[in-house]
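Participant: The structure is given below, and queries will be raised subsequently.
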Amino acid sequence: MSYSRYRSRSRSVDSSDVENPGNNLFVTGLSSRLTDRDLEKHFSTEGEVIDASIVLDPWTRESRGFGFVTMATLKEAERCIKYLDRSVLEGRVITVEKILLTAAG
């Protein structure tokens, strides 16, 4: 089991990772039964998925109902927003949007 999904969103000290180039997506409305692999499979219909992770409650290890997906390119991420936003995954309507990250100052 990978523990990468438990890391803080500010996990990188490299300033080039702070700004979102547009290929990082925020996904909400996820079923508690969904796995990282299920999320990756759903998004791979629109391109290459670099990373897909569902956020889990740190104490119960149950899904908090949202996650993050990183696509290989901006174009693929835009396709995900266009075609997967408001799509149905495991019986739930999900929302897909670009993460807005800013440098801490």
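For the structure tokens, the naming scheme is as follows: chains receive sequential letters (A, B, ...) according to their order of presentation, residues are indexed from 1 within each chain, and ligands are indexed from 1 in presentation order.
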Extract, using only C-alpha atoms, all DNA, RNA and protein residues at most 10 Å from A:His42, discarding same-chain residues fewer than 6 positions from it, and format them as a list in words.

Facilitator: Val49, Cys80, Leu84, Ser87, Val88 and Leu89 of chain A

Participant: Using the selection just defined, write its residues with all heavy atoms as a PDB file, in the first residue's frame.

Facilitator:
```
ATOM      1  N   VAL A  49      -2.757   9.193 -16.985  1.00  0.00           N
ATOM      2  CA  VAL A  49      -2.841   9.613 -15.593  1.00  0.00           C
ATOM      3  C   VAL A  49      -1.461   9.425 -14.950  1.00  0.00           C
ATOM      4  O   VAL A  49      -0.909   8.326 -14.950  1.00  0.00           O
ATOM      5  CB  VAL A  49      -3.898   8.791 -14.817  1.00  0.00           C
ATOM      6  CG1 VAL A  49      -3.915   9.176 -13.349  1.00  0.00           C
ATOM      7  CG2 VAL A  49      -5.273   8.976 -15.446  1.00  0.00           C
ATOM      8  N   CYS A  80     -10.552  16.146 -19.320  1.00  0.00           N
ATOM      9  CA  CYS A  80     -11.180  15.557 -18.130  1.00  0.00           C
ATOM     10  C   CYS A  80     -12.234  16.503 -17.560  1.00  0.00           C
ATOM     11  O   CYS A  80     -13.326  16.064 -17.188  1.00  0.00           O
ATOM     12  CB  CYS A  80     -10.126  15.247 -17.073  1.00  0.00           C
ATOM     13  SG  CYS A  80      -9.061  13.864 -17.496  1.00  0.00           S
ATOM     14  N   LEU A  84     -15.522  14.658 -17.994  1.00  0.00           N
ATOM     15  CA  LEU A  84     -15.749  13.865 -16.782  1.00  0.00           C
ATOM     16  C   LEU A  84     -16.436  14.638 -15.658  1.00  0.00           C
ATOM     17  O   LEU A  84     -16.961  14.031 -14.728  1.00  0.00           O
ATOM     18  CB  LEU A  84     -14.432  13.264 -16.286  1.00  0.00           C
ATOM     19  CG  LEU A  84     -13.736  12.310 -17.266  1.00  0.00           C
ATOM     20  CD1 LEU A  84     -12.448  11.765 -16.667  1.00  0.00           C
ATOM     21  CD2 LEU A  84     -14.654  11.193 -17.705  1.00  0.00           C
ATOM     22  N   SER A  87     -19.857  13.539 -14.407  1.00  0.00           N
ATOM     23  CA  SER A  87     -20.031  12.156 -14.864  1.00  0.00           C
ATOM     24  C   SER A  87     -20.369  11.281 -13.650  1.00  0.00           C
ATOM     25  O   SER A  87     -20.241  11.706 -12.505  1.00  0.00           O
ATOM     26  CB  SER A  87     -18.759  11.643 -15.553  1.00  0.00           C
ATOM     27  OG  SER A  87     -17.671  11.580 -14.661  1.00  0.00           O
ATOM     28  N   VAL A  88     -20.802  10.061 -13.915  1.00  0.00           N
ATOM     29  CA  VAL A  88     -21.183   9.139 -12.842  1.00  0.00           C
ATOM     30  C   VAL A  88     -20.077   8.106 -12.662  1.00  0.00           C
ATOM     31  O   VAL A  88     -19.635   7.476 -13.623  1.00  0.00           O
ATOM     32  CB  VAL A  88     -22.530   8.447 -13.152  1.00  0.00           C
ATOM     33  CG1 VAL A  88     -22.878   7.426 -12.077  1.00  0.00           C
ATOM     34  CG2 VAL A  88     -23.636   9.486 -13.291  1.00  0.00           C
ATOM     35  N   LEU A  89     -19.630   7.960 -11.427  1.00  0.00           N
ATOM     36  CA  LEU A  89     -18.596   6.991 -11.084  1.00  0.00           C
ATOM     37  C   LEU A  89     -19.057   6.247  -9.836  1.00  0.00           C
ATOM     38  O   LEU A  89     -19.310   6.869  -8.795  1.00  0.00           O
ATOM     39  CB  LEU A  89     -17.271   7.715 -10.834  1.00  0.00           C
ATOM     40  CG  LEU A  89     -16.058   6.871 -10.448  1.00  0.00           C
ATOM     41  CD1 LEU A  89     -15.766   5.818 -11.524  1.00  0.00           C
ATOM     42  CD2 LEU A  89     -14.843   7.758 -10.250  1.00  0.00           C
TER      43      LEU A  89
END
```

Participant: Just the residues within 10 Å of A:Glu40, please, counting only C-alpha atoms, with nothing from its chain fewer than 5 positions along; format it as a PyMOL selection string.

Facilitator: chain A and resi 35+45+48-53+68-71

Participant: Pick the closest to A:Phe43 from A:Glu90, A:Glu76, A:Pro21, A:Trp59: which is it, counting only C-alpha atoms?

Facilitator: A:Glu76

Participant: Find, counting only C-alpha atoms, the residue in A:Thr95, A:Leu100, A:Lys82, A:Leu74 that gets nearest to A:Gly22.

Facilitator: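 Once distances to A:Gly22 are computed over only C-alpha atoms, the minimum belongs to A:Leu74.
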
Participant: I need the residue nearest A:Ala77 from this list: A:Gly91, A:Pro58, A:Gly47, A:Gly65. Use only C-alpha atoms for the distance.

Facilitator: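 Among A:Gly91, A:Pro58, A:Gly47, A:Gly65, it is A:Gly47 that comes nearest to A:Ala77.
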
Participant: For A:Val93, find every residue with an atom within 9 Å (counting only C-alpha atoms), except residues of its own chain fewer than 5 positions away, and show them as a PyMOL selection string.

Facilitator: chain A and resi 28-30+85-88

Participant: Using all heavy atoms, can you export the residues from the last selection as a PDB file, in the first residue's frame?

Facilitator:
```pdb
ATOM      1  N   THR A  28     -14.439  15.756  -6.562  1.00  0.00           N
ATOM      2  CA  THR A  28     -15.315  15.610  -5.404  1.00  0.00           C
ATOM      3  C   THR A  28     -16.503  14.712  -5.739  1.00  0.00           C
ATOM      4  O   THR A  28     -16.774  14.429  -6.902  1.00  0.00           O
ATOM      5  CB  THR A  28     -15.840  16.978  -4.920  1.00  0.00           C
ATOM      6  OG1 THR A  28     -16.574  17.591  -5.982  1.00  0.00           O
ATOM      7  CG2 THR A  28     -14.702  17.884  -4.496  1.00  0.00           C
ATOM      8  N   GLY A  29     -17.200  14.277  -4.687  1.00  0.00           N
ATOM      9  CA  GLY A  29     -18.380  13.429  -4.860  1.00  0.00           C
ATOM     10  C   GLY A  29     -18.041  11.957  -4.972  1.00  0.00           C
ATOM     11  O   GLY A  29     -18.860  11.161  -5.431  1.00  0.00           O
ATOM     12  N   LEU A  30     -16.859  11.564  -4.529  1.00  0.00           N
ATOM     13  CA  LEU A  30     -16.418  10.181  -4.687  1.00  0.00           C
ATOM     14  C   LEU A  30     -17.081   9.243  -3.687  1.00  0.00           C
ATOM     15  O   LEU A  30     -17.266   9.584  -2.521  1.00  0.00           O
ATOM     16  CB  LEU A  30     -14.898  10.095  -4.521  1.00  0.00           C
ATOM     17  CG  LEU A  30     -14.078  10.913  -5.513  1.00  0.00           C
ATOM     18  CD1 LEU A  30     -12.595  10.821  -5.178  1.00  0.00           C
ATOM     19  CD2 LEU A  30     -14.343  10.478  -6.944  1.00  0.00           C
ATOM     20  N   ASP A  85     -16.419  15.977 -15.728  1.00  0.00           N
ATOM     21  CA  ASP A  85     -17.146  16.758 -14.739  1.00  0.00           C
ATOM     22  C   ASP A  85     -18.633  16.429 -14.867  1.00  0.00           C
ATOM     23  O   ASP A  85     -19.176  16.397 -15.964  1.00  0.00           O
ATOM     24  CB  ASP A  85     -16.915  18.257 -14.957  1.00  0.00           C
ATOM     25  CG  ASP A  85     -17.591  19.105 -13.891  1.00  0.00           C
ATOM     26  OD1 ASP A  85     -17.544  18.724 -12.708  1.00  0.00           O
ATOM     27  OD2 ASP A  85     -18.169  20.156 -14.259  1.00  0.00           O
ATOM     28  N   ARG A  86     -19.267  16.128 -13.750  1.00  0.00           N
ATOM     29  CA  ARG A  86     -20.685  15.738 -13.702  1.00  0.00           C
ATOM     30  C   ARG A  86     -20.927  14.349 -14.295  1.00  0.00           C
ATOM     31  O   ARG A  86     -22.051  13.997 -14.614  1.00  0.00           O
ATOM     32  CB  ARG A  86     -21.603  16.763 -14.384  1.00  0.00           C
ATOM     33  CG  ARG A  86     -21.413  18.199 -13.935  1.00  0.00           C
ATOM     34  CD  ARG A  86     -21.916  18.515 -12.556  1.00  0.00           C
ATOM     35  NE  ARG A  86     -23.339  18.258 -12.439  1.00  0.00           N
ATOM     36  CZ  ARG A  86     -23.955  17.966 -11.303  1.00  0.00           C
ATOM     37  NH1 ARG A  86     -23.295  17.901 -10.190  1.00  0.00           N
ATOM     38  NH2 ARG A  86     -25.246  17.741 -11.280  1.00  0.00           N
ATOM     39  N   SER A  87     -19.857  13.539 -14.407  1.00  0.00           N
ATOM     40  CA  SER A  87     -20.031  12.156 -14.864  1.00  0.00           C
ATOM     41  C   SER A  87     -20.369  11.281 -13.650  1.00  0.00           C
ATOM     42  O   SER A  87     -20.241  11.706 -12.505  1.00  0.00           O
ATOM     43  CB  SER A  87     -18.759  11.643 -15.553  1.00  0.00           C
ATOM     44  OG  SER A  87     -17.671  11.580 -14.661  1.00  0.00           O
ATOM     45  N   VAL A  88     -20.802  10.061 -13.915  1.00  0.00           N
ATOM     46  CA  VAL A  88     -21.183   9.139 -12.842  1.00  0.00           C
ATOM     47  C   VAL A  88     -20.077   8.106 -12.662  1.00  0.00           C
ATOM     48  O   VAL A  88     -19.635   7.476 -13.623  1.00  0.00           O
ATOM     49  CB  VAL A  88     -22.530   8.447 -13.152  1.00  0.00           C
ATOM     50  CG1 VAL A  88     -22.878   7.426 -12.077  1.00  0.00           C
ATOM     51  CG2 VAL A  88     -23.636   9.486 -13.291  1.00  0.00           C
TER      52      VAL A  88
END
```
